[in-house]
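Participant: My questions all concern the structure below.
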Amino acid sequence: MKNFYRRSRLRLLLACLLIGGGLPSCSDSEEGGNPGYRPDQPIVLESFYPTTGSIATQVIIKGKNFGTDPKALNVYFNEKRAAVISATGERMLVLAPKLPGEECIISVSMGENEENKTQFDEIFNYIIQTNVSTVAGGTKGTTMPTGTTQLSSVASFMDKPDSPIAIDKDDNIYVRFSLSSEENVHRVYMMSEEAGSIKLLNDFGILVTGIILSRDYKSGNVYWWHTNMGNEDFGYFDPVADYASVGSGKTKWDKPLSYTEGMPSWGGRQGFEMNPADGKFYFYSNEGVCARWDPETGQGENLTTEAFKTSQGDIMGIVFDPNDPNIAYFAVQGQHCIYKHDIAAGTVEVWAGRQNMPGYLDGPLTEAQFNNPCQMCVDPEGEAFYVADRENHCIRKIALSKGYVSTFAGTPRTSGYQNGPAGTALFNKPIGLTVNSEGDLYVGDSDNYAVRRIAIE
């Protein structure tokens with residue numbers, strides 16, 4: 001929604017010109033009320049144009065007794081409030097809001113007085129469109145940004161966003177890059193579309209094999225942890241301290257975690273995710289370990305049972321059922337499927353995709369096929385999961401109510417780099433995937449050296 005209102009402001013001058021004909025300036029109302037509005041008379045709605053459109057469509061509403069202060073008018077498309085740009089006594093110009101519903105009833109009221117509310121009988125048909133664009137990168141370069149840089153100036157990265165990405169409570173995006181020019185060095189960047197900036201947060205040194213990122217849904221901050229089993233240090237990026245990396249402690253397990261190497265098991269953890277219901281981070285290792293830990297205390301519980309032995313492999317994607325916090329889902333890349341974990345019962349079973357059968361196929365959960373599924377996320381309404389399907393070069397959607405897998409963005413089995421409508425856009429081995437509060441998806445598009453945005457509008 002922040003981007004939507006930014007675009008709305010850019011249209012302000014054009015909007016004022018479109019209304020025309022004796023229109024006062026688009027400014028605050030005069031003290032003492034809305035000039036031209038008669039509170040003893042009803043608001044009259046006559047017509048609006050156009051009758052079809054998408055987000056930020058300029059809609060002219062004609063009628064009577066609107067007054068001349070746009071800030072005094074309340075205009076809704078269903079339950080979503082529209083930005084009122086300009087008003088005269090007999091016409092106003094508004095911008096269609098984001099995702100109000102496909103069939104919209106437009107209603108108008110004045111100030112806090114709902115008694116004067118009136119609505120059109122005619123329906124405004126809202127067109128949902130899904131577009132892919134680039135936040136930063138897009139080509140392989142020779143350098144990485146340092147300090148704080150404008151996003152618009154970063155057209156290339158030297159290295160790939162090759163691990164889970166995360167987003168904090170303020171919709172800042174966090175991305176890890178593994179620097180190929182410096183062995184075992186991992187840089188974490190924060191991207192803010194609102195500020196239009198990218199900021200280098202930390203260089204994690206040569207003694208670690210990887211840093212993974214995830215959001216703490218209780219604080220809204222982004223935490224870091226190590227990929228290698230045995231290195232239990234963790235911390236977060238503190239917004240109060242200008243997003244400095246703060247070490248919080250070490251995870252302490254109630255029972256030892258089993259792994260085969262005598263020293264820390266390199267790269268055993270590829271992702272971790274908080275269960276919003278209990279406030280604990282969960283992870284699944286490539287050797288069939290399952291555990292959870294509390295970021296406030298560092299105390300961890302080893303949940304591993306025999307059931308996890310069949311689900312071994314790199315696991316980057318983890319999500320929780322929005323309707324049942326005792327159910328977790330995790331994607332095993334090399335097995336090309338998604339497992340369902342009943343935490344209370346301790347059971348594990350294949351939920352979506354065909355175990356050890358890579359491919360591409362949309363359809364019911366047990367018939368669909370994936371090819372190296374990576375990070376997953378849940379839409380804000382809790383109605384669907386999204387999956388970065390790496391080797392199919394696309395983003396898949398799992399509708400929970402229907403139990404159906406479809407292709408959400410990208411051209412399946414076709415790698416490339418192209419922005420535009422979701423159905424014709426191109427990705428190249430998308431790995432990271434997260435979603436903001438407005439439902440926009442962000443993709444760590446690994447082999448395009450880019451962070452992409454998928455906006456549902």
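Naming works like this for the structure tokens: A, B, ... for the chains as they're shown, residue 1 at the start of each chain, ligands 1 onward in shown order.
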Excluding same-chain residues fewer than 4 positions from A:Ile198, what lies within 12 Å of it counting only C-alpha atoms, as a list in words?

Facilitator: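 Residues meeting the cut-off are Val135, Ala136, Gly137, Met144, Pro145, Thr146, Gly147, Thr148, Thr149, Gln150, Leu151, Ser152, Ser153, Val154, Ala155, Asn172, Ile173, Tyr174, Val175, Val188, Tyr189, Met190, Met191, Ser192, Glu193, Glu194 and Val451 of chain A.
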
Participant: Env of stretch 118-120 of chain A: 10 Å cut, atoms = only C-alpha atoms, seq-sep filter 3 positions within chain, self excluded. Answer as a list in words.

Facilitator: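 Non-adjacent residues within range: Pro42, Ile43, Val44, Leu45, Glu46, Ser47, Phe48, Val75, Tyr76, Phe77, Cys104, Ile105, Ile106, Ser107, Val108, Ser109, Met110, Glu114, Glu115, Ile123 and Phe124 of chain A.
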
Participant: Please measure the separation of atom CA of A:Asn372 and atom CA of A:Leu400, giving the value in Å to one decimal.

Facilitator: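 Distance reported for this atom pair: 20.7 Å.
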
Participant: Skipping near chain neighbours, those fewer than 3 positions away, what residues fall within 7 Å of stretch 335-346 of chain A using only C-alpha atoms, listed as number ranges by chain?

Facilitator: A: 326-332, 349-358, 370-373

Participant: Determine which residues of stretch 272-407 of chain A receive a DSSP assignment of strand (DSSP E), computed from the backbone, and state them as an NGL selection string.

Facilitator: :A and (273-275 or 280-284 or 290-293 or 299-302 or 315-320 or 327-332 or 337-342 or 347-353 or 363-364 or 373-378 or 384-389 or 394-399 or 404-407)
